[in-house]
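Visitor: Sharing structure16.cif, mmCIF, C-alpha atoms:
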```cif
data_query
loop_
_atom_site.label_atom_id
_atom_site.label_comp_id
_atom_site.auth_asym_id
_atom_site.auth_seq_id
_atom_site.Cartn_x
_atom_site.Cartn_y
_atom_site.Cartn_z
CA MET A 1 36.18 25.20 -21.51
CA SER A 2 33.57 22.51 -21.06
CA LEU A 3 30.52 22.90 -18.88
CA LYS A 4 29.67 19.91 -16.75
CA THR A 5 25.97 19.07 -16.52
CA GLU A 6 24.84 18.25 -13.00
CA LYS A 7 22.15 15.72 -12.18
CA ARG A 8 18.65 16.99 -11.60
CA LEU A 9 17.75 17.89 -8.04
CA GLY A 10 14.43 17.17 -6.37
CA TYR A 11 13.96 13.68 -7.79
CA LEU A 12 11.98 11.12 -5.80
CA SER A 13 13.70 8.91 -3.24
CA TRP A 14 13.03 5.18 -3.57
CA ASP A 15 10.61 5.35 -0.64
CA GLU A 16 8.75 8.28 -2.21
CA TYR A 17 8.67 6.54 -5.60
CA PHE A 18 7.19 3.29 -4.28
CA MET A 19 4.72 5.13 -2.04
CA ALA A 20 3.66 7.21 -5.06
CA VAL A 21 3.00 3.97 -6.97
CA ALA A 22 0.91 2.74 -4.03
CA LEU A 23 -1.05 6.01 -3.95
CA LEU A 24 -1.55 5.94 -7.72
CA SER A 25 -2.78 2.34 -7.46
CA ALA A 26 -5.32 3.48 -4.87
CA GLU A 27 -6.91 5.59 -7.59
CA ARG A 28 -8.13 2.32 -9.20
CA SER A 29 -10.29 1.55 -6.15
CA LYS A 30 -14.02 1.97 -6.65
CA ASP A 31 -14.68 2.10 -2.90
CA PRO A 32 -16.55 5.37 -2.32
CA SER A 33 -15.18 5.90 1.20
CA THR A 34 -11.66 4.44 1.37
CA GLN A 35 -9.09 4.09 -1.39
CA VAL A 36 -5.90 2.25 -0.48
CA GLY A 37 -3.07 1.07 -2.69
CA ALA A 38 -0.02 -1.06 -2.02
CA CYS A 39 3.29 -1.59 -3.79
CA VAL A 40 5.77 -4.40 -3.11
CA ALA A 41 9.42 -3.73 -3.98
CA ASN A 42 12.31 -6.16 -3.79
CA GLU A 43 15.90 -5.68 -2.61
CA GLN A 44 16.92 -4.50 -6.08
CA ASN A 45 14.31 -1.71 -5.97
CA LYS A 46 12.12 -3.38 -8.57
CA ILE A 47 8.35 -3.43 -8.26
CA VAL A 48 7.15 -7.01 -7.92
CA GLY A 49 3.51 -6.45 -6.98
CA VAL A 50 0.82 -3.78 -6.76
CA GLY A 51 -2.76 -3.81 -5.57
CA TYR A 52 -5.68 -1.74 -4.39
CA ASN A 53 -8.79 -2.41 -2.33
CA GLY A 54 -11.72 -3.87 -4.21
CA PHE A 55 -13.91 -6.90 -4.70
CA PRO A 56 -12.46 -10.22 -5.90
CA ILE A 57 -12.16 -10.83 -9.64
CA GLY A 58 -15.54 -11.70 -11.10
CA CYS A 59 -17.55 -10.20 -8.21
CA SER A 60 -19.53 -7.29 -9.58
CA ASP A 61 -18.86 -3.98 -7.90
CA ASP A 62 -22.32 -2.95 -9.10
CA VAL A 63 -24.05 -5.77 -7.21
CA LEU A 64 -22.16 -6.14 -3.92
CA PRO A 65 -22.63 -3.41 -1.30
CA TRP A 66 -20.24 -0.53 -0.58
CA ASP A 67 -21.88 0.47 2.72
CA ARG A 68 -19.72 0.90 5.84
CA LYS A 69 -22.53 0.50 8.38
CA GLY A 70 -25.52 -1.77 8.80
CA ASP A 71 -26.09 -5.50 8.74
CA TYR A 72 -22.66 -7.12 8.21
CA LEU A 73 -23.67 -8.91 5.02
CA GLN A 74 -24.99 -5.63 3.62
CA THR A 75 -21.64 -3.87 4.12
CA LYS A 76 -18.46 -4.03 2.06
CA TYR A 77 -16.41 -5.73 4.79
CA PRO A 78 -17.10 -9.41 4.07
CA TYR A 79 -16.35 -8.90 0.37
CA VAL A 80 -13.52 -6.39 -0.13
CA CYS A 81 -9.95 -7.58 -0.66
CA HIS A 82 -7.51 -5.13 0.86
CA ALA A 83 -4.69 -3.55 -1.15
CA GLU A 84 -1.96 -5.49 0.66
CA LEU A 85 -3.62 -8.83 -0.08
CA ASN A 86 -4.02 -7.90 -3.74
CA ALA A 87 -0.41 -6.72 -3.99
CA VAL A 88 0.81 -10.07 -2.66
CA LEU A 89 -1.59 -12.05 -4.86
CA ASN A 90 -0.67 -9.94 -7.92
CA ALA A 91 3.06 -10.39 -7.35
CA ILE A 92 5.07 -11.39 -10.41
CA SER A 93 7.19 -13.64 -8.20
CA THR A 94 6.07 -16.21 -5.68
CA ASP A 95 9.06 -15.39 -3.49
CA LEU A 96 8.50 -12.12 -1.67
CA ARG A 97 11.06 -12.78 1.06
CA ASN A 98 13.05 -9.68 1.97
CA CYS A 99 10.70 -7.39 0.03
CA ARG A 100 9.19 -4.16 1.33
CA ILE A 101 5.52 -3.23 1.10
CA TYR A 102 4.42 0.39 0.76
CA VAL A 103 0.85 1.17 1.76
CA GLY A 104 -1.22 4.28 2.44
CA LEU A 105 -2.76 2.94 5.67
CA PHE A 106 -1.15 0.80 8.36
CA PRO A 107 -2.22 -2.80 7.62
CA CYS A 108 -5.06 -4.48 9.46
CA ASN A 109 -4.47 -7.77 11.27
CA GLU A 110 -5.68 -9.89 8.32
CA CYS A 111 -3.30 -8.18 5.88
CA THR A 112 -0.49 -8.36 8.42
CA LYS A 113 -0.90 -12.14 8.51
CA VAL A 114 -0.58 -12.22 4.70
CA ILE A 115 2.50 -9.97 4.85
CA ILE A 116 4.12 -12.23 7.45
CA GLN A 117 3.29 -15.41 5.53
CA ALA A 118 4.66 -13.91 2.29
CA GLY A 119 8.03 -13.24 3.93
CA ILE A 120 7.93 -9.48 3.44
CA ASN A 121 10.34 -7.94 5.93
CA GLU A 122 9.41 -4.26 6.03
CA ILE A 123 6.18 -2.25 6.00
CA ILE A 124 6.31 1.43 5.06
CA TYR A 125 3.04 3.31 5.57
CA LEU A 126 1.75 6.87 5.43
CA SER A 127 -1.18 6.98 7.84
CA ASP A 128 -1.87 5.20 11.12
CA LYS A 129 -5.30 6.75 11.60
CA TYR A 130 -6.78 3.47 12.85
CA GLN A 131 -4.04 2.91 15.44
CA ASP A 132 -6.56 2.66 18.28
CA THR A 133 -8.57 -0.15 16.67
CA ASP A 134 -8.21 -3.75 17.78
CA GLN A 135 -7.24 -4.74 14.22
CA VAL A 136 -4.19 -2.46 14.14
CA LYS A 137 -3.28 -3.27 17.73
CA ALA A 138 -3.28 -6.96 16.77
CA SER A 139 -1.17 -6.15 13.70
CA LYS A 140 1.47 -4.39 15.77
CA ARG A 141 1.43 -7.15 18.35
CA MET A 142 2.19 -9.74 15.66
CA LEU A 143 4.84 -7.55 14.05
CA ASP A 144 6.54 -6.81 17.35
CA ILE A 145 6.98 -10.52 18.07
CA CYS A 146 8.17 -11.24 14.50
CA ALA A 147 11.72 -9.94 14.84
CA HIS A 148 12.34 -10.12 11.09
CA ILE A 149 9.61 -7.61 10.16
CA SER A 150 10.01 -3.90 10.75
CA TYR A 151 7.55 -1.10 10.15
CA ARG A 152 7.94 2.63 9.83
CA GLN A 153 5.96 5.66 8.82
CA LEU A 154 7.26 7.37 5.69
CA VAL A 155 8.63 10.78 6.51
CA THR A 156 8.95 13.11 3.54
CA THR A 157 9.08 16.84 2.98
CA ARG A 158 6.77 16.47 -0.02
CA SER A 159 3.11 17.19 0.52
CA ARG A 160 2.02 16.25 -3.00
CA LEU A 161 3.13 15.02 -6.38
CA LEU A 162 1.46 16.28 -9.53
CA ILE A 163 0.89 13.96 -12.45
CA ASP A 164 -0.14 15.89 -15.54
CA PHE A 165 -1.25 13.82 -18.52
CA GLN A 166 -1.06 16.91 -20.74
CA VAL A 167 2.65 17.55 -20.28
CA LYS A 168 4.86 17.01 -23.33
CA THR A 169 8.35 15.81 -22.49
#
```
How does this structure look as structure tokens?
Guide:
Amino acid sequence: MSLKTEKRLGYLSWDEYFMAVALLSAERSKDPSTQVGACVANEQNKIVGVGYNGFPIGCSDDVLPWDRKGDYLQTKYPYVCHAELNAVLNAISTDLRNCRIYVGLFPCNECTKVIIQAGINEIIYLSDKYQDTDQVKASKRMLDICAHISYRQLVTTRSRLLIDFQVKT
């Protein structure tokens, strides 16, 4: 009598996997107040780009400001590249049509323009905590008139995922 081995239960769905990559990428951000990551996946469920929020290459994160409030030029806002922008710019392919982007926060209007221009056709996000801001309202306005781009909040029963660098497999 042979015993049949069943596949493991509890494995990550594709959406959970790509969102986990986005969240892991956010851990690279040096921003003291907001860490966001993004992951772009194609129709074959292959990762084609990742990014996180930070200053442009060559701009010292020890010299430019990280402040959220104050004189505009003394805040991070004119200098930081958002995770979505970096994920598109870091893409291994120049053709991102029909890809999905996974991101921790709903994209601002500037990132939404990049997403639209890149040809990405779906946005999957975790949090919409800035939904009442003009930037997110503008994002949704653009997305709602671009019939080829959908957006949805990731719904999962998982509350966390543990990564243990000490585990021996």
Visitor: Excluding A:Phe106 and any residue of its chain fewer than 6 positions from it, enumerate the residues within 10 Å of it, using only C-alpha atoms, and give them as a list in words.
Guide: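 Once the nearby chain positions are removed, what remains is Glu84, Thr112, Ile123, Ile124, Tyr125, Leu126, Ser127, Asp128, Lys129, Tyr130, Gln131, Val136, Ser139, Lys140, Tyr151, Arg152 and Gln153 of chain A.
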Visitor: For this file, the PyMOL selection byres ((chain A and resi 87-101) around 7) selects which residues, as a PyMOL selection string?
Guide: chain A and resi 38-43+48-51+83-86+102-103+118-124
Visitor: Would you compute the distance between atom CA of A:Arg141 and atom CA of A:Tyr79? Give it in Å to one decimal.
Guide: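 A separation of 25.3 Å between them.
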Visitor: Could you expand the PyMOL selection byres ((chain A and resi 34) around 12) into the explicit residues it covers here, written as a PDB file with C-alpha atoms, keeping the file's coordinate frame?
Guide:
```pdb
ATOM      1  CA  LEU A  23      -1.050   6.010  -3.950  1.00  0.00           C
ATOM      2  CA  ALA A  26      -5.320   3.480  -4.870  1.00  0.00           C
ATOM      3  CA  GLU A  27      -6.910   5.590  -7.590  1.00  0.00           C
ATOM      4  CA  ARG A  28      -8.130   2.320  -9.200  1.00  0.00           C
ATOM      5  CA  SER A  29     -10.290   1.550  -6.150  1.00  0.00           C
ATOM      6  CA  LYS A  30     -14.020   1.970  -6.650  1.00  0.00           C
ATOM      7  CA  ASP A  31     -14.680   2.100  -2.900  1.00  0.00           C
ATOM      8  CA  PRO A  32     -16.550   5.370  -2.320  1.00  0.00           C
ATOM      9  CA  SER A  33     -15.180   5.900   1.200  1.00  0.00           C
ATOM     10  CA  GLN A  35      -9.090   4.090  -1.390  1.00  0.00           C
ATOM     11  CA  VAL A  36      -5.900   2.250  -0.480  1.00  0.00           C
ATOM     12  CA  GLY A  37      -3.070   1.070  -2.690  1.00  0.00           C
ATOM     13  CA  TYR A  52      -5.680  -1.740  -4.390  1.00  0.00           C
ATOM     14  CA  ASN A  53      -8.790  -2.410  -2.330  1.00  0.00           C
ATOM     15  CA  GLY A  54     -11.720  -3.870  -4.210  1.00  0.00           C
ATOM     16  CA  TRP A  66     -20.240  -0.530  -0.580  1.00  0.00           C
ATOM     17  CA  ASP A  67     -21.880   0.470   2.720  1.00  0.00           C
ATOM     18  CA  ARG A  68     -19.720   0.900   5.840  1.00  0.00           C
ATOM     19  CA  LYS A  76     -18.460  -4.030   2.060  1.00  0.00           C
ATOM     20  CA  TYR A  77     -16.410  -5.730   4.790  1.00  0.00           C
ATOM     21  CA  VAL A  80     -13.520  -6.390  -0.130  1.00  0.00           C
ATOM     22  CA  HIS A  82      -7.510  -5.130   0.860  1.00  0.00           C
ATOM     23  CA  ALA A  83      -4.690  -3.550  -1.150  1.00  0.00           C
ATOM     24  CA  GLY A 104      -1.220   4.280   2.440  1.00  0.00           C
ATOM     25  CA  LEU A 105      -2.760   2.940   5.670  1.00  0.00           C
TER      26      LEU A 105
END
```
Visitor: What's the separation between atom CA of A:Asp61 and atom CA of A:Gln117, in Å to one decimal place?
Guide: 28.3 Å
Visitor: For the structure shown, which residues end up in the PyMOL selection byres ((chain A and resi 15) around 9)? Put them as a PyMOL selection string, please?
Guide: chain A and resi 12-14+16-20+102+124+154+156
Visitor: If you measure from atom CA of A:Cys111 to atom CA of A:Ser25, what distance in Å do you get, rounded to one decimal?
Guide: 17.0 Å
Visitor: Every residue with an atom at most 8 Å from (9.4, 16.0, -4.9) (file coordinates; only C-alpha atoms) is what I'm after, so could you write them as a PDB file with C-alpha atoms, in the frame of the given file?
Guide:
```pdb
ATOM      1  CA  GLY A  10      14.430  17.170  -6.370  1.00  0.00           C
ATOM      2  CA  TYR A  11      13.960  13.680  -7.790  1.00  0.00           C
ATOM      3  CA  LEU A  12      11.980  11.120  -5.800  1.00  0.00           C
ATOM      4  CA  THR A 157       9.080  16.840   2.980  1.00  0.00           C
ATOM      5  CA  ARG A 158       6.770  16.470  -0.020  1.00  0.00           C
ATOM      6  CA  ARG A 160       2.020  16.250  -3.000  1.00  0.00           C
ATOM      7  CA  LEU A 161       3.130  15.020  -6.380  1.00  0.00           C
TER       8      LEU A 161
END
```
Visitor: Name the closest residue to A:Asp134 among the candidates A:Asp62, A:Asp71, A:Asp164, A:Glu110; distances are taken between atoms, counting only C-alpha atoms.
Guide: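 Ranking A:Asp62, A:Asp71, A:Asp164, A:Glu110 by distance to A:Asp134, first place goes to A:Glu110.
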Visitor: Name the closest residue to A:Pro107 among the candidates A:Pro78, A:Met142, A:His148, A:Glu6; distances are taken between atoms, counting only C-alpha atoms.
Guide: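 Checking each of A:Pro78, A:Met142, A:His148, A:Glu6 against A:Pro107, counting only C-alpha atoms, the winner is A:Met142.
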Visitor: Using all atoms of stretch 145-164 of chain A listed in the file and a margin of 3 Å per side, can you give the axis-aligned box centre and edge lengths in Å to one decimal, as AutoDock Vina command-line options?
Guide:
```
--center_x 6.1 --center_y 3.0 --center_z 1.3 --size_x 18.5 --size_y 34.4 --size_z 39.6
```
Visitor: Model the absent atoms of stretch 18-37 of chain A so that N, CA and C atoms are present, and write the result as an mmCIF file, keeping the file's coordinate frame.
Guide:
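rebuild11.cif was written with the following content:
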```cif
data_model
loop_
_atom_site.group_PDB
_atom_site.id
_atom_site.type_symbol
_atom_site.label_atom_id
_atom_site.label_comp_id
_atom_site.auth_asym_id
_atom_site.auth_seq_id
_atom_site.Cartn_x
_atom_site.Cartn_y
_atom_site.Cartn_z
ATOM 1 N N PHE A 18 8.052 4.450 -4.503
ATOM 2 C CA PHE A 18 7.190 3.290 -4.280
ATOM 3 C C PHE A 18 5.893 3.682 -3.580
ATOM 4 N N MET A 19 5.951 4.667 -2.685
ATOM 5 C CA MET A 19 4.720 5.130 -2.040
ATOM 6 C C MET A 19 3.838 5.821 -3.078
ATOM 7 N N ALA A 20 4.441 6.563 -3.997
ATOM 8 C CA ALA A 20 3.660 7.210 -5.060
ATOM 9 C C ALA A 20 2.958 6.170 -5.922
ATOM 10 N N VAL A 21 3.630 5.060 -6.208
ATOM 11 C CA VAL A 21 3.000 3.970 -6.970
ATOM 12 C C VAL A 21 1.825 3.398 -6.171
ATOM 13 N N ALA A 22 2.000 3.239 -4.871
ATOM 14 C CA ALA A 22 0.910 2.740 -4.030
ATOM 15 C C ALA A 22 -0.273 3.717 -4.056
ATOM 16 N N LEU A 23 0.015 5.003 -3.939
ATOM 17 C CA LEU A 23 -1.050 6.010 -3.950
ATOM 18 C C LEU A 23 -1.732 6.083 -5.315
ATOM 19 N N LEU A 24 -0.961 5.950 -6.378
ATOM 20 C CA LEU A 24 -1.550 5.940 -7.720
ATOM 21 C C LEU A 24 -2.428 4.703 -7.900
ATOM 22 N N SER A 25 -1.984 3.566 -7.383
ATOM 23 C CA SER A 25 -2.780 2.340 -7.460
ATOM 24 C C SER A 25 -4.104 2.496 -6.722
ATOM 25 N N ALA A 26 -4.098 3.246 -5.634
ATOM 26 C CA ALA A 26 -5.320 3.480 -4.870
ATOM 27 C C ALA A 26 -6.389 4.161 -5.720
ATOM 28 N N GLU A 27 -5.964 4.898 -6.715
ATOM 29 C CA GLU A 27 -6.910 5.590 -7.590
ATOM 30 C C GLU A 27 -7.741 4.621 -8.438
ATOM 31 N N ARG A 28 -7.348 3.348 -8.496
ATOM 32 C CA ARG A 28 -8.130 2.320 -9.200
ATOM 33 C C ARG A 28 -9.289 1.805 -8.358
ATOM 34 N N SER A 29 -9.244 2.051 -7.041
ATOM 35 C CA SER A 29 -10.290 1.550 -6.150
ATOM 36 C C SER A 29 -11.619 2.234 -6.443
ATOM 37 N N LYS A 30 -12.678 1.437 -6.429
ATOM 38 C CA LYS A 30 -14.020 1.970 -6.650
ATOM 39 C C LYS A 30 -14.761 2.183 -5.334
ATOM 40 N N ASP A 31 -14.093 1.903 -4.225
ATOM 41 C CA ASP A 31 -14.680 2.100 -2.900
ATOM 42 C C ASP A 31 -14.959 3.586 -2.705
ATOM 43 N N PRO A 32 -16.215 3.951 -2.435
ATOM 44 C CA PRO A 32 -16.550 5.370 -2.320
ATOM 45 C C PRO A 32 -16.015 6.047 -1.054
ATOM 46 N N SER A 33 -15.616 5.274 -0.045
ATOM 47 C CA SER A 33 -15.180 5.900 1.200
ATOM 48 C C SER A 33 -13.681 5.748 1.490
ATOM 49 N N THR A 34 -13.061 4.681 1.053
ATOM 50 C CA THR A 34 -11.660 4.440 1.370
ATOM 51 C C THR A 34 -10.938 3.881 0.155
ATOM 52 N N GLN A 35 -9.906 4.566 -0.273
ATOM 53 C CA GLN A 35 -9.090 4.090 -1.390
ATOM 54 C C GLN A 35 -7.673 3.857 -0.866
ATOM 55 N N VAL A 36 -7.231 2.610 -0.956
ATOM 56 C CA VAL A 36 -5.900 2.250 -0.480
ATOM 57 C C VAL A 36 -5.186 1.494 -1.584
ATOM 58 N N GLY A 37 -3.905 1.796 -1.741
ATOM 59 C CA GLY A 37 -3.070 1.070 -2.690
ATOM 60 C C GLY A 37 -1.855 0.528 -1.978
#
```
